[in-house]
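Heads up, start15.cif below (mmCIF, C-alpha atoms and all ligand atoms):
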```cif
data_model
#
loop_
_atom_site.label_atom_id
_atom_site.label_comp_id
_atom_site.auth_asym_id
_atom_site.auth_seq_id
_atom_site.Cartn_x
_atom_site.Cartn_y
_atom_site.Cartn_z
CA MET A 1 -16.66 25.03 -10.36
CA SER A 2 -16.58 21.67 -8.59
CA GLU A 3 -14.83 21.26 -5.24
CA LEU A 4 -11.07 20.63 -5.08
CA LEU A 5 -10.19 16.96 -4.65
CA THR A 6 -6.99 16.16 -2.76
CA ILE A 7 -5.49 12.74 -3.39
CA ALA A 8 -2.59 11.15 -1.52
CA MET A 9 -0.48 9.17 -3.98
CA PRO A 10 2.17 6.73 -2.83
CA LYS A 11 5.65 7.38 -4.15
CA GLY A 12 7.56 4.36 -5.38
CA ARG A 13 6.38 1.21 -7.05
CA ILE A 14 2.61 1.88 -6.95
CA PHE A 15 2.93 5.41 -8.36
CA GLU A 16 3.48 4.58 -12.01
CA GLU A 17 0.60 2.12 -12.26
CA ALA A 18 -1.74 4.44 -10.36
CA ALA A 19 -0.88 7.42 -12.60
CA GLU A 20 -1.43 5.24 -15.68
CA LEU A 21 -4.85 4.21 -14.38
CA LEU A 22 -5.84 7.85 -13.75
CA ARG A 23 -4.79 8.73 -17.31
CA GLN A 24 -6.79 5.82 -18.72
CA ALA A 25 -9.77 7.21 -16.80
CA ASP A 26 -9.19 10.43 -18.77
CA PHE A 27 -7.69 12.60 -16.04
CA GLN A 28 -5.25 15.01 -17.67
CA LEU A 29 -2.00 14.52 -15.76
CA PRO A 30 0.93 16.33 -17.41
CA PRO A 31 4.11 14.31 -18.21
CA GLU A 32 6.11 16.19 -15.55
CA PHE A 33 3.72 14.78 -12.94
CA ASP A 34 5.69 11.53 -13.01
CA ASP A 35 9.18 12.98 -12.57
CA SER A 36 8.49 15.84 -10.21
CA ARG A 37 10.29 16.05 -6.87
CA LYS A 38 7.51 18.28 -5.60
CA LEU A 39 5.48 16.89 -2.72
CA ILE A 40 2.32 18.77 -3.60
CA VAL A 41 1.30 18.86 -7.25
CA ASP A 42 -1.69 20.91 -8.33
CA ILE A 43 -3.56 20.05 -11.54
CA PRO A 44 -5.79 23.12 -11.96
CA GLU A 45 -7.37 21.77 -15.18
CA GLU A 46 -8.86 18.92 -13.14
CA ASN A 47 -9.28 20.89 -9.92
CA MET A 48 -7.16 18.23 -8.24
CA ARG A 49 -4.27 18.34 -5.83
CA PHE A 50 -1.93 15.39 -5.34
CA ILE A 51 0.08 14.83 -2.19
CA LEU A 52 3.05 12.57 -2.87
CA ALA A 53 3.46 10.49 0.25
CA LYS A 54 5.39 7.55 1.63
CA PRO A 55 3.18 4.50 0.96
CA MET A 56 2.89 3.69 4.67
CA ASP A 57 1.61 7.24 5.38
CA VAL A 58 -1.19 7.46 2.79
CA THR A 59 -3.86 6.12 5.17
CA THR A 60 -2.77 8.67 7.82
CA TYR A 61 -3.29 11.63 5.46
CA VAL A 62 -6.71 10.29 4.50
CA GLU A 63 -7.80 9.51 8.07
CA TYR A 64 -6.93 13.05 9.18
CA GLY A 65 -8.76 14.48 6.17
CA VAL A 66 -5.81 16.43 4.73
CA ALA A 67 -6.36 14.24 1.68
CA ASP A 68 -9.91 13.37 0.61
CA LEU A 69 -8.76 10.24 -1.17
CA GLY A 70 -5.71 8.05 -1.29
CA ILE A 71 -4.23 5.10 -3.10
CA ALA A 72 -2.91 2.58 -0.63
CA GLY A 73 -1.75 -1.01 -0.70
CA LYS A 74 -3.95 -3.47 1.17
CA ASP A 75 -0.80 -4.29 3.18
CA VAL A 76 -0.78 -0.72 4.55
CA MET A 77 -4.52 -0.87 5.30
CA LEU A 78 -4.04 -4.11 7.25
CA GLU A 79 -1.07 -2.75 9.17
CA GLU A 80 -2.44 0.70 9.97
CA GLU A 81 -6.16 -0.05 10.53
CA ARG A 82 -7.13 3.57 9.91
CA ASP A 83 -10.63 4.98 9.98
CA VAL A 84 -11.08 5.24 6.20
CA TYR A 85 -13.42 3.63 3.68
CA GLU A 86 -12.21 1.46 0.86
CA LEU A 87 -14.00 2.44 -2.37
CA LEU A 88 -12.40 0.38 -5.09
CA ASP A 89 -9.90 -2.41 -5.59
CA LEU A 90 -7.67 -0.92 -8.29
CA ASN A 91 -6.12 -4.34 -8.94
CA ILE A 92 -2.66 -2.84 -9.46
CA SER A 93 0.69 -3.55 -7.78
CA LYS A 94 -0.27 -7.16 -7.14
CA CYS A 95 1.88 -8.94 -4.63
CA HIS A 96 1.40 -10.93 -1.45
CA LEU A 97 2.44 -10.92 2.17
CA ALA A 98 4.48 -13.94 3.13
CA VAL A 99 6.63 -15.50 5.81
CA ALA A 100 10.11 -16.24 4.48
CA GLY A 101 13.39 -17.50 5.80
CA LEU A 102 16.45 -19.55 5.06
CA PRO A 103 15.60 -22.84 3.29
CA ASN A 104 16.14 -25.01 6.36
CA ALA A 105 14.47 -22.64 8.87
CA LYS A 106 12.46 -24.70 11.34
CA LYS A 107 9.76 -23.76 13.80
CA SER A 108 10.90 -24.39 17.35
CA GLU A 109 9.51 -24.49 20.86
CA ILE A 110 11.23 -21.26 21.86
CA ALA A 111 9.84 -17.95 20.54
CA GLN A 112 11.66 -17.23 17.31
CA LYS A 113 12.47 -13.76 16.10
CA VAL A 114 10.55 -12.37 13.12
CA ALA A 115 11.72 -9.19 11.38
CA THR A 116 9.17 -7.11 9.49
CA LYS A 117 7.91 -3.71 8.37
CA TYR A 118 4.45 -5.00 9.36
CA PRO A 119 4.50 -5.66 13.13
CA ASN A 120 0.70 -5.65 13.52
CA VAL A 121 0.07 -7.95 10.56
CA ALA A 122 2.84 -10.29 11.72
CA SER A 123 1.74 -10.50 15.35
CA THR A 124 -1.90 -11.12 14.35
CA TYR A 125 -0.82 -13.82 11.90
CA PHE A 126 1.39 -15.70 14.34
CA ARG A 127 -1.19 -15.39 17.14
CA GLU A 128 -3.77 -16.98 14.81
CA GLN A 129 -1.27 -19.75 14.07
CA GLY A 130 -0.85 -20.31 17.81
CA GLU A 131 2.84 -19.54 17.51
CA GLN A 132 4.72 -17.33 19.95
CA VAL A 133 7.26 -15.09 18.25
CA GLU A 134 9.24 -11.97 19.04
CA ILE A 135 8.61 -9.27 16.44
CA ILE A 136 11.49 -6.99 15.42
CA LYS A 137 10.37 -3.90 13.50
CA LEU A 138 12.57 -2.81 10.59
CA ASN A 139 11.93 -0.11 7.99
CA GLY A 140 13.27 -1.77 4.87
CA SER A 141 15.72 -4.32 3.44
CA ILE A 142 13.93 -6.87 5.61
CA GLU A 143 15.62 -9.75 3.77
CA LEU A 144 18.88 -8.83 5.50
CA ALA A 145 17.61 -9.98 8.90
CA PRO A 146 17.92 -13.78 8.52
CA LEU A 147 21.20 -13.40 6.62
CA ILE A 148 22.96 -11.59 9.42
CA GLY A 149 21.35 -13.46 12.31
CA LEU A 150 19.00 -10.72 13.48
CA ALA A 151 15.88 -12.86 12.97
CA ASP A 152 14.89 -16.44 12.15
CA ARG A 153 12.17 -15.47 9.70
CA ILE A 154 10.70 -12.37 8.05
CA VAL A 155 7.20 -11.20 7.15
CA ASP A 156 7.34 -9.10 4.00
CA ILE A 157 5.87 -8.34 0.62
CA VAL A 158 6.77 -10.71 -2.20
CA SER A 159 6.20 -9.44 -5.72
CA THR A 160 8.39 -11.12 -8.33
CA GLY A 161 10.22 -13.19 -5.69
CA GLN A 162 13.53 -11.87 -7.01
CA THR A 163 14.68 -10.29 -3.74
CA LEU A 164 14.14 -13.56 -1.84
CA LYS A 165 15.88 -15.56 -4.56
CA GLU A 166 18.92 -13.31 -4.84
CA ASN A 167 19.37 -13.46 -1.09
CA GLY A 168 19.02 -17.22 -0.80
CA LEU A 169 15.70 -17.08 1.07
CA VAL A 170 12.54 -19.07 0.43
CA GLU A 171 8.88 -18.39 0.99
CA LEU A 172 7.57 -20.51 3.86
CA GLU A 173 3.95 -19.40 4.26
CA HIS A 174 1.57 -17.32 2.15
CA ILE A 175 -0.31 -14.83 4.35
CA GLU A 176 -2.51 -12.76 2.05
CA ASP A 177 -2.83 -11.48 -1.53
CA ILE A 178 -2.35 -7.72 -1.85
CA THR A 179 -3.48 -5.10 -4.39
CA SER A 180 -3.81 -1.32 -4.18
CA ARG A 181 -7.10 0.27 -3.15
CA LEU A 182 -8.77 3.65 -3.58
CA ILE A 183 -9.63 4.90 -0.09
CA VAL A 184 -11.62 7.88 1.12
CA ASN A 185 -12.03 9.99 4.24
CA PRO A 186 -15.61 9.38 5.48
CA VAL A 187 -16.37 13.10 5.94
CA SER A 188 -14.97 14.00 2.50
CA TYR A 189 -17.16 11.32 1.03
CA ARG A 190 -20.26 12.90 2.53
CA LEU A 191 -19.30 16.43 1.47
CA LYS A 192 -17.93 15.71 -2.00
CA ASP A 193 -19.93 12.62 -2.91
CA GLU A 194 -20.70 13.63 -6.50
CA ARG A 195 -17.11 14.35 -7.45
CA ILE A 196 -15.87 11.25 -5.68
CA ASP A 197 -18.52 9.01 -7.27
CA ASP A 198 -17.56 10.38 -10.68
CA LEU A 199 -13.90 9.52 -10.04
CA VAL A 200 -14.80 6.03 -8.76
CA ASN A 201 -17.03 5.34 -11.77
CA ARG A 202 -14.38 6.46 -14.24
CA LEU A 203 -11.70 4.40 -12.54
CA ALA A 204 -13.98 1.36 -12.23
CA GLN A 205 -14.35 1.35 -16.02
CA VAL A 206 -10.60 1.03 -16.61
CA VAL A 207 -9.67 -1.28 -13.73
CA GLN A 208 -8.83 -4.83 -14.80
CA PRO A 209 -11.35 -7.31 -13.34
CA VAL A 210 -10.16 -8.64 -9.96
C1 LIG B 301 9.77 -4.67 -1.26
C2 LIG B 301 9.69 -5.81 -0.27
C3 LIG B 301 10.73 -6.75 -0.77
C4 LIG B 301 10.70 -6.55 -2.27
C5 LIG B 301 9.91 -7.64 -2.93
O1 LIG B 301 10.80 -3.84 -0.88
O2 LIG B 301 9.92 -5.34 1.03
O3 LIG B 301 11.99 -6.41 -0.28
O4 LIG B 301 10.05 -5.30 -2.50
O5 LIG B 301 9.86 -7.50 -4.33
P1 LIG B 301 10.27 -8.70 -5.29
O6 LIG B 301 9.56 -9.94 -4.81
O7 LIG B 301 9.79 -8.27 -6.64
O8 LIG B 301 11.76 -8.86 -5.24
P2 LIG B 301 10.99 -2.38 -1.47
O9 LIG B 301 11.62 -2.45 -2.82
O10 LIG B 301 9.69 -1.66 -1.42
O11 LIG B 301 12.05 -1.74 -0.51
P3 LIG B 301 12.34 -1.86 1.05
O12 LIG B 301 13.39 -2.91 1.17
O13 LIG B 301 12.83 -0.52 1.42
O14 LIG B 301 11.07 -2.24 1.76
#
```
What do you get writing this file as structure tokens?
Amino acid sequence: MSELLTIAMPKGRIFEEAAELLRQADFQLPPEFDDSRKLIVDIPEENMRFILAKPMDVTTYVEYGVADLGIAGKDVMLEEERDVYELLDLNISKCHLAVAGLPNAKKSEIAQKVATKYPNVASTYFREQGEQVEIIKLNGSIELAPLIGLADRIVDIVSTGQTLKENGLVELEHIEDITSRLIVNPVSYRLKDERIDDLVNRLAQVVQPV
């Protein structure tokens, strides 16, 4: 019997596309996999265990080796800078990181406030732009910040653009394109290389070209 593979899957918007990709790669995931409220789901037929994690925590589980593999947005990889290897661009959950604000938001001489779930990404970006800003970390509903006067601008994920539009905000600067990646713990990759290579090869055959 091959070794057990533990995979950290992000709950939320990436989950559905990632599960679909695994099924296309011929992994037998039962229908209840998608609706379960369980946090650990074992698939004995595949000798796989899935940990259902908050997207921002996937890289943590993989770095500490409690999951061999994980599926994580490039946004999380950039923000968390964990000691993991990226094996494959799954080319799912496409979106981008952007600076947004009210339509007439202007840069100014004084340090403006920027609200974001991505404080590291945002401070690196503004440092590279030579702009001094004060970063305010929020955990969600970032678009609220300019509307209620907490921040001048935001750094956040834009997917369809609907959230910005419905809240009267506009994209000001495009920071980086984002897709989800298959990541691996370096030690797991050494110990379980055959199983992991098999999974990578099967997924690579069903991934849409980047
Ligand atoms: C994300 C992101 C934006 C929104 C963008 O939030 O932070 O708010 O999606 O998507 P759109 O361009 O398609 O409208 P998410 O739904 O993950 O929730 P959050 O507010 O808790 O971060």
(request) Step by step, measure atom-to-atom distances between ligand LIG 301 (chain B) and each residue using all atoms listed in the file, keep those at most 9 Å, then write them as a PyMOL selection string. (result) chain A and resi 12-13+95-96+116-117+138-143+155-166
(request) Kindly give the distance, in Å, that separates CA of Arg195 in chain A and CA of Val58 in chain A, rounded to a single decimal. (result)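 These atoms are spaced 20.1 Å apart.
Counting from CA of Leu182 in chain A, the distance to CA of Leu21 in chain A is 11.5 Å.
Shell of Ile183 in chain A at 7 Å, with all atoms listed in the file counted and residues fewer than 5 places along the chain excluded, is Leu69, Gly70, Ile71, Val84, Tyr85, Glu86 and Leu87 of chain A.
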(request) Rounded to one decimal place, report the CA of Ala98 in chain A-CA of Gly149 in chain A distance in Å. (result) 19.2 Å
(request) For Tyr64 in chain A, work out the shell of residues within 12 Å, counting all atoms listed in the file and skipping chain neighbours fewer than 2 positions away, then give it as a ChimeraX atom specification. (result) /A:8,57-62,66-70,82-84,184-188
(request) For Glu194 in chain A, work out the shell of residues within 10 Å, counting all atoms listed in the file and skipping chain neighbours fewer than 5 positions away, then give it as a VMD selection string. (result) chain A and resid 2 to 3 189 199 to 200
(message) From (-5.3, 7.7, -14.4), in the file's coordinates, out to 12 Å: which residues are reached, counting all atoms listed in the file? Answer as a PyMOL selection string.
(response) chain A and resi 9+15-30+33-34+46+71+90+92+199-200+202-207
(request) Would you please work out which residue, of A:Met48, A:Lys11, A:Ile110, A:Ser93, is nearest to Ser36 in chain A when using all atoms listed in the file? (result) A:Lys11
(request) Have a look at A:Ile14, A:Ile135, A:Leu5, A:Val76 and name the one nearest to Phe50 in chain A; count all atoms listed in the file. (result) A:Leu5
(request) For Glu131 in chain A, please output as a count of residues only all residues within 12 Å (counting only C-alpha atoms; exclusion window: fewer than 2 positions along the same chain). (result) 19
